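Below is my_file_0.cif, holding mmCIF, N, CA and C atoms.
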data_run
loop_
_atom_site.label_atom_id
_atom_site.label_comp_id
_atom_site.auth_asym_id
_atom_site.auth_seq_id
_atom_site.Cartn_x
_atom_site.Cartn_y
_atom_site.Cartn_z
N MET A 1 64.51 102.99 111.65
CA MET A 1 65.55 102.26 110.97
C MET A 1 65.86 100.97 111.71
N PRO A 2 65.96 99.90 111.00
CA PRO A 2 66.32 98.65 111.66
C PRO A 2 67.75 98.72 112.21
N SER A 3 68.00 97.91 113.18
CA SER A 3 69.30 97.89 113.86
C SER A 3 70.44 97.52 112.91
N SER A 4 70.22 96.59 111.99
CA SER A 4 71.27 96.17 111.06
C SER A 4 71.65 97.30 110.10
N MET A 5 70.69 98.15 109.74
CA MET A 5 70.99 99.29 108.86
C MET A 5 71.84 100.32 109.59
N LYS A 6 71.56 100.53 110.87
CA LYS A 6 72.37 101.47 111.66
C LYS A 6 73.79 100.97 111.79
N LYS A 7 73.93 99.67 112.02
CA LYS A 7 75.27 99.08 112.14
C LYS A 7 76.02 99.20 110.82
N THR A 8 75.33 98.97 109.72
CA THR A 8 75.96 99.07 108.41
C THR A 8 76.40 100.50 108.13
N LYS A 9 75.56 101.48 108.45
CA LYS A 9 75.93 102.88 108.25
C LYS A 9 77.10 103.27 109.12
N LEU A 10 77.09 102.79 110.38
CA LEU A 10 78.19 103.10 111.29
C LEU A 10 79.49 102.48 110.77
N LEU A 11 79.43 101.24 110.34
CA LEU A 11 80.61 100.56 109.80
C LEU A 11 81.12 101.27 108.55
N LEU A 12 80.22 101.66 107.67
CA LEU A 12 80.61 102.39 106.46
C LEU A 12 81.25 103.73 106.81
N SER A 13 80.71 104.42 107.79
CA SER A 13 81.28 105.70 108.23
C SER A 13 82.68 105.52 108.79
N VAL A 14 82.89 104.47 109.58
CA VAL A 14 84.22 104.19 110.15
C VAL A 14 85.21 103.88 109.04
N VAL A 15 84.80 103.05 108.09
CA VAL A 15 85.68 102.69 106.97
C VAL A 15 86.05 103.92 106.15
N LEU A 16 85.10 104.78 105.87
CA LEU A 16 85.38 106.00 105.11
C LEU A 16 86.33 106.92 105.86
N CYS A 17 86.16 107.02 107.18
CA CYS A 17 87.07 107.85 107.98
C CYS A 17 88.48 107.29 107.96
N LEU A 18 88.60 105.96 108.01
CA LEU A 18 89.93 105.34 107.95
C LEU A 18 90.60 105.62 106.61
N PHE A 19 89.87 105.47 105.51
CA PHE A 19 90.44 105.74 104.20
C PHE A 19 90.85 107.20 104.05
N ALA A 20 90.09 108.09 104.63
CA ALA A 20 90.41 109.52 104.53
C ALA A 20 91.65 109.88 105.33
N SER A 21 91.95 109.11 106.38
CA SER A 21 93.10 109.44 107.22
C SER A 21 94.38 108.76 106.80
N ILE A 22 94.32 107.80 105.88
CA ILE A 22 95.51 107.09 105.42
C ILE A 22 96.23 107.95 104.38
N HIS A 23 97.53 108.13 104.59
CA HIS A 23 98.32 108.91 103.64
C HIS A 23 98.67 108.06 102.43
N VAL A 24 98.61 108.65 101.30
CA VAL A 24 98.98 107.96 100.07
C VAL A 24 100.49 108.06 99.91
N TYR A 25 101.14 106.92 99.73
CA TYR A 25 102.58 106.88 99.57
C TYR A 25 102.88 106.93 98.08
N ALA A 26 103.23 108.09 97.59
CA ALA A 26 103.39 108.29 96.15
C ALA A 26 104.87 108.37 95.78
N LEU A 27 105.32 107.44 95.00
CA LEU A 27 106.68 107.46 94.46
C LEU A 27 106.59 107.54 92.95
N ARG A 28 107.38 108.44 92.39
CA ARG A 28 107.45 108.56 90.94
C ARG A 28 108.87 108.25 90.49
N GLU A 29 108.98 107.46 89.45
CA GLU A 29 110.29 107.08 88.94
C GLU A 29 110.87 108.22 88.10
N VAL A 30 112.17 108.41 88.24
CA VAL A 30 112.91 109.40 87.45
C VAL A 30 113.82 108.63 86.51
N ASN A 31 113.67 108.86 85.22
CA ASN A 31 114.48 108.15 84.22
C ASN A 31 115.61 109.04 83.73
N PHE A 32 116.82 108.67 84.11
CA PHE A 32 117.99 109.40 83.64
C PHE A 32 118.37 108.89 82.25
N ARG A 33 118.93 109.77 81.46
CA ARG A 33 119.39 109.41 80.12
C ARG A 33 120.79 109.98 79.91
N ASN A 34 121.49 109.42 78.94
CA ASN A 34 122.82 109.93 78.62
C ASN A 34 122.72 111.37 78.17
N TYR A 35 123.68 112.15 78.57
CA TYR A 35 123.71 113.56 78.22
C TYR A 35 125.05 113.83 77.54
N TRP A 36 124.99 114.32 76.33
CA TRP A 36 126.21 114.56 75.57
C TRP A 36 126.91 115.80 76.09
N ASP A 37 128.17 115.64 76.43
CA ASP A 37 129.02 116.73 76.89
C ASP A 37 130.24 116.74 75.98
N ARG A 38 130.63 117.90 75.50
CA ARG A 38 131.74 117.98 74.55
C ARG A 38 133.06 117.46 75.12
N ASP A 39 133.20 117.47 76.46
CA ASP A 39 134.44 117.00 77.07
C ASP A 39 134.52 115.48 77.13
N ILE A 40 133.41 114.80 76.91
CA ILE A 40 133.37 113.35 77.03
C ILE A 40 133.43 112.74 75.63
N LYS A 41 134.32 111.79 75.44
CA LYS A 41 134.55 111.22 74.11
C LYS A 41 133.54 110.14 73.73
N SER A 42 133.08 109.36 74.71
CA SER A 42 132.11 108.30 74.40
C SER A 42 131.14 108.15 75.57
N LEU A 43 129.98 107.58 75.27
CA LEU A 43 128.96 107.37 76.29
C LEU A 43 128.70 105.88 76.46
N PRO A 44 128.54 105.42 77.71
CA PRO A 44 128.20 104.01 77.90
C PRO A 44 126.77 103.73 77.44
N ASP A 45 126.51 102.47 77.09
CA ASP A 45 125.18 102.09 76.61
C ASP A 45 124.12 102.15 77.71
N SER A 46 124.47 101.66 78.89
CA SER A 46 123.48 101.60 79.97
C SER A 46 123.65 102.79 80.91
N VAL A 47 122.56 103.20 81.51
CA VAL A 47 122.58 104.31 82.46
C VAL A 47 122.60 103.71 83.86
N PRO A 48 123.65 103.96 84.65
CA PRO A 48 123.76 103.34 85.97
C PRO A 48 123.03 104.08 87.08
N LEU A 49 122.22 105.06 86.73
CA LEU A 49 121.53 105.86 87.74
C LEU A 49 120.02 105.71 87.62
N HIS A 50 119.37 105.67 88.78
CA HIS A 50 117.92 105.60 88.86
C HIS A 50 117.47 106.59 89.92
N GLY A 51 116.28 107.09 89.78
CA GLY A 51 115.79 108.04 90.76
C GLY A 51 114.34 107.81 91.11
N LEU A 52 113.98 108.25 92.32
CA LEU A 52 112.61 108.20 92.79
C LEU A 52 112.27 109.52 93.46
N ILE A 53 111.12 110.06 93.12
CA ILE A 53 110.61 111.26 93.80
C ILE A 53 109.52 110.81 94.75
N ASP A 54 109.66 111.19 96.00
CA ASP A 54 108.64 110.93 97.01
C ASP A 54 107.84 112.21 97.18
N ASP A 55 106.59 112.20 96.71
CA ASP A 55 105.76 113.40 96.76
C ASP A 55 105.38 113.79 98.18
N ASN A 56 105.27 112.80 99.07
CA ASN A 56 104.91 113.11 100.45
C ASN A 56 106.06 113.77 101.21
N LEU A 57 107.25 113.22 101.07
CA LEU A 57 108.43 113.76 101.76
C LEU A 57 109.09 114.88 100.97
N GLN A 58 108.71 115.06 99.73
CA GLN A 58 109.29 116.03 98.81
C GLN A 58 110.80 115.84 98.72
N THR A 59 111.18 114.63 98.32
CA THR A 59 112.59 114.30 98.15
C THR A 59 112.81 113.62 96.81
N LEU A 60 114.03 113.74 96.33
CA LEU A 60 114.50 113.01 95.15
C LEU A 60 115.63 112.13 95.62
N GLU A 61 115.48 110.83 95.46
CA GLU A 61 116.51 109.87 95.85
C GLU A 61 117.18 109.38 94.58
N ILE A 62 118.49 109.51 94.52
CA ILE A 62 119.27 109.07 93.36
C ILE A 62 120.06 107.83 93.77
N PHE A 63 119.91 106.75 92.99
CA PHE A 63 120.59 105.49 93.25
C PHE A 63 121.54 105.18 92.10
N SER A 64 122.67 104.60 92.43
CA SER A 64 123.63 104.19 91.41
C SER A 64 123.82 102.68 91.50
N THR A 65 123.90 102.03 90.35
CA THR A 65 124.10 100.59 90.32
C THR A 65 125.58 100.21 90.35
N ARG A 66 126.44 101.21 90.33
CA ARG A 66 127.88 100.94 90.43
C ARG A 66 128.56 102.15 91.06
N ILE A 67 129.78 101.97 91.47
CA ILE A 67 130.54 103.07 92.07
C ILE A 67 130.91 104.03 90.95
N ILE A 68 130.45 105.25 91.07
CA ILE A 68 130.68 106.25 90.03
C ILE A 68 131.76 107.24 90.45
N GLY A 69 131.85 107.51 91.74
CA GLY A 69 132.83 108.47 92.23
C GLY A 69 132.22 109.85 92.38
N ASN A 70 133.02 110.87 92.09
CA ASN A 70 132.54 112.25 92.23
C ASN A 70 131.52 112.59 91.16
N ILE A 71 130.45 113.23 91.60
CA ILE A 71 129.39 113.66 90.67
C ILE A 71 129.00 115.08 91.03
N LEU A 72 128.87 115.91 90.03
CA LEU A 72 128.35 117.26 90.21
C LEU A 72 126.87 117.23 89.84
N ILE A 73 126.02 117.64 90.78
CA ILE A 73 124.57 117.67 90.54
C ILE A 73 124.16 119.12 90.32
N GLU A 74 123.52 119.37 89.20
CA GLU A 74 122.97 120.69 88.92
C GLU A 74 121.46 120.56 88.75
N ILE A 75 120.72 121.45 89.39
CA ILE A 75 119.28 121.50 89.21
C ILE A 75 118.97 122.79 88.47
N ILE A 76 118.33 122.66 87.31
CA ILE A 76 118.11 123.78 86.40
C ILE A 76 116.60 124.00 86.27
N ASN A 77 116.17 125.25 86.41
CA ASN A 77 114.73 125.54 86.30
C ASN A 77 114.30 125.67 84.84
N GLU A 78 113.02 125.95 84.63
CA GLU A 78 112.46 126.04 83.27
C GLU A 78 113.11 127.14 82.45
N GLY A 79 113.61 128.17 83.11
CA GLY A 79 114.25 129.28 82.40
C GLY A 79 115.71 129.01 82.04
N GLY A 80 116.20 127.81 82.36
CA GLY A 80 117.58 127.46 82.05
C GLY A 80 118.60 127.97 83.06
N ILE A 81 118.12 128.42 84.21
CA ILE A 81 119.01 128.96 85.25
C ILE A 81 119.31 127.87 86.26
N THR A 82 120.59 127.68 86.55
CA THR A 82 121.00 126.71 87.57
C THR A 82 120.65 127.28 88.94
N ILE A 83 119.78 126.57 89.66
CA ILE A 83 119.34 127.08 90.96
C ILE A 83 119.96 126.32 92.13
N SER A 84 120.60 125.19 91.86
CA SER A 84 121.27 124.44 92.91
C SER A 84 122.40 123.63 92.31
N THR A 85 123.52 123.64 93.00
CA THR A 85 124.68 122.85 92.57
C THR A 85 125.29 122.21 93.81
N ARG A 86 125.62 120.94 93.69
CA ARG A 86 126.30 120.26 94.80
C ARG A 86 127.18 119.15 94.27
N GLN A 87 128.24 118.88 94.99
CA GLN A 87 129.17 117.83 94.64
C GLN A 87 128.94 116.67 95.61
N ILE A 88 128.79 115.46 95.08
CA ILE A 88 128.62 114.28 95.93
C ILE A 88 129.59 113.19 95.49
N TYR A 89 129.73 112.19 96.32
CA TYR A 89 130.57 111.05 95.99
C TYR A 89 129.73 109.79 96.14
N LEU A 90 129.46 109.10 95.05
CA LEU A 90 128.70 107.85 95.07
C LEU A 90 129.69 106.69 95.13
N SER A 91 129.78 106.07 96.32
CA SER A 91 130.77 105.01 96.50
C SER A 91 130.11 103.74 97.01
N ASP A 92 130.53 103.27 98.18
CA ASP A 92 130.04 101.99 98.71
C ASP A 92 128.54 102.00 98.96
N PHE A 93 127.98 103.11 99.42
CA PHE A 93 126.53 103.23 99.60
C PHE A 93 126.04 104.21 98.55
N PRO A 94 125.79 103.72 97.35
CA PRO A 94 125.56 104.61 96.21
C PRO A 94 124.15 105.20 96.13
N SER A 95 123.82 106.09 97.06
CA SER A 95 122.56 106.81 96.96
C SER A 95 122.73 108.19 97.57
N HIS A 96 121.86 109.09 97.15
CA HIS A 96 121.91 110.46 97.65
C HIS A 96 120.50 111.03 97.62
N THR A 97 120.16 111.77 98.68
CA THR A 97 118.83 112.37 98.78
C THR A 97 118.93 113.88 98.57
N ILE A 98 118.05 114.40 97.73
CA ILE A 98 117.94 115.84 97.51
C ILE A 98 116.56 116.26 98.01
N PHE A 99 116.53 117.21 98.93
CA PHE A 99 115.26 117.69 99.45
C PHE A 99 114.70 118.77 98.52
N LEU A 100 113.46 118.60 98.12
CA LEU A 100 112.82 119.48 97.14
C LEU A 100 111.88 120.50 97.78
N THR A 101 111.86 120.58 99.10
CA THR A 101 110.91 121.45 99.79
C THR A 101 111.13 122.93 99.48
N SER A 102 112.35 123.32 99.16
CA SER A 102 112.61 124.74 98.89
C SER A 102 112.35 125.14 97.44
N PHE A 103 112.00 124.17 96.59
CA PHE A 103 111.76 124.47 95.18
C PHE A 103 110.29 124.77 94.94
N SER A 104 110.02 125.74 94.09
CA SER A 104 108.65 126.07 93.71
C SER A 104 108.11 125.00 92.78
N PRO A 105 106.79 124.79 92.76
CA PRO A 105 106.23 123.83 91.81
C PRO A 105 106.59 124.22 90.37
N GLY A 106 106.92 123.23 89.58
CA GLY A 106 107.29 123.48 88.19
C GLY A 106 108.14 122.36 87.63
N LYS A 107 108.70 122.61 86.45
CA LYS A 107 109.53 121.62 85.77
C LYS A 107 111.00 121.98 85.97
N TYR A 108 111.81 120.94 86.18
CA TYR A 108 113.23 121.12 86.40
C TYR A 108 114.00 120.06 85.62
N GLN A 109 115.27 120.34 85.40
CA GLN A 109 116.16 119.35 84.81
C GLN A 109 117.25 119.05 85.83
N ILE A 110 117.49 117.76 86.06
CA ILE A 110 118.55 117.32 86.95
C ILE A 110 119.70 116.88 86.05
N LEU A 111 120.86 117.49 86.22
CA LEU A 111 122.03 117.17 85.42
C LEU A 111 123.10 116.61 86.34
N LEU A 112 123.57 115.41 86.04
CA LEU A 112 124.59 114.74 86.83
C LEU A 112 125.84 114.59 85.97
N LYS A 113 126.91 115.23 86.38
CA LYS A 113 128.15 115.18 85.60
C LYS A 113 129.20 114.41 86.39
N GLY A 114 129.66 113.30 85.79
CA GLY A 114 130.71 112.50 86.39
C GLY A 114 132.00 112.64 85.60
N ASN A 115 133.02 111.90 86.02
CA ASN A 115 134.31 111.96 85.32
C ASN A 115 134.24 111.33 83.94
N SER A 116 133.42 110.29 83.80
CA SER A 116 133.41 109.57 82.52
C SER A 116 132.11 109.74 81.73
N ALA A 117 131.06 110.26 82.35
CA ALA A 117 129.79 110.41 81.63
C ALA A 117 128.91 111.41 82.35
N SER A 118 127.91 111.90 81.63
CA SER A 118 126.92 112.81 82.21
C SER A 118 125.53 112.27 81.91
N TYR A 119 124.61 112.54 82.83
CA TYR A 119 123.24 112.05 82.70
C TYR A 119 122.29 113.18 83.07
N CYS A 120 121.09 113.14 82.51
CA CYS A 120 120.11 114.16 82.87
C CYS A 120 118.73 113.51 82.92
N ALA A 121 117.83 114.21 83.64
CA ALA A 121 116.44 113.77 83.74
C ALA A 121 115.57 115.00 83.92
N ASP A 122 114.38 114.93 83.41
CA ASP A 122 113.40 116.00 83.59
C ASP A 122 112.44 115.57 84.69
N ILE A 123 112.18 116.47 85.63
CA ILE A 123 111.24 116.18 86.70
C ILE A 123 110.24 117.30 86.83
N GLU A 124 109.14 117.01 87.47
CA GLU A 124 108.14 118.02 87.77
C GLU A 124 107.79 117.90 89.25
N ILE A 125 107.78 119.05 89.90
CA ILE A 125 107.49 119.09 91.34
C ILE A 125 106.10 119.67 91.51
#

Starting from the coordinates I provided, produce the structure as structure tokens.
Amino acid sequence: MPSSMKKTKLLLSVVLCLFASIHVYALREVNFRNYWDRDIKSLPDSVPLHGLIDDNLQTLEIFSTRIIGNILIEIINEGGITISTRQIYLSDFPSHTIFLTSFSPGKYQILLKGNSASYCADIEI
């Protein structure tokens, strides 16, 4: 084998090893939508909440574009059973992280209930 071919193979092998060792940073957007609740008389047109799922860290980050106040977060599995409930306050730093490491792979519904509106999103882990 000529020397240039050996160098090319070595370089290609190094590049392939580098690509194999780089972690893929995967973020998936979570789209919240208005959720009708009988206790709420009207719903705002825009949804002030956005979410991102980080597949590597197994987290759900919820962001708010305005101060919402107290929010009840319910995570509901495919069978309709609430498997996690927590109360948070979205104020000056309007974001909250939910760790998904304890959840089994599958489909879930995230329900966010505030004083003036409720929002939900479907996610898959």

Could you check which of A:Ile76, A:Leu12, A:Pro94, A:Leu27 is closest to Ile53 in chain A, using only C-alpha atoms? A:Leu27

Do you know which residues the PyMOL selection byres (((chain A and resi 28 and name CA) around 12) and name CA) returns on this file, as an MDAnalysis selection string? chainID A and resid 25:27 29:31 50:56 58:61 123:125

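Residues matched by the PyMOL selection byres ((chain A and resi 81-92) around 8) in this file: Ser64, Arg66, Ile67, Ile68, Gly69, Asn70, Ile71, Leu72, Ile73, Glu74, Ile75, Ile76, Asn77, Glu78, Gly79, Gly80, Phe93, Pro94, Ser95 and His96 of chain A.
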
Would you mind listing what lies within 8 Å of Tyr35 in chain A as a count of residues only, with only C-alpha atoms counted and same-chain residues fewer than 4 positions away left out? 4

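Reported to one decimal place, the separation of atom C of Ile62 in chain A from atom N of Phe99 in chain A is 11.3 Å.
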
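Taking atom N of Pro48 in chain A as the reference point, atom C of Ala121 in chain A is found at 13.7 Å.
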
Separation of CA of Ser102 in chain A and CA of Leu49 in chain A, in Å? 23.7 Å

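Distances to Thr65 in chain A were evaluated for A:Leu111, A:Ile98, A:Leu11, A:Val47 using only N, CA and C atoms, and the minimum falls at A:Val47.
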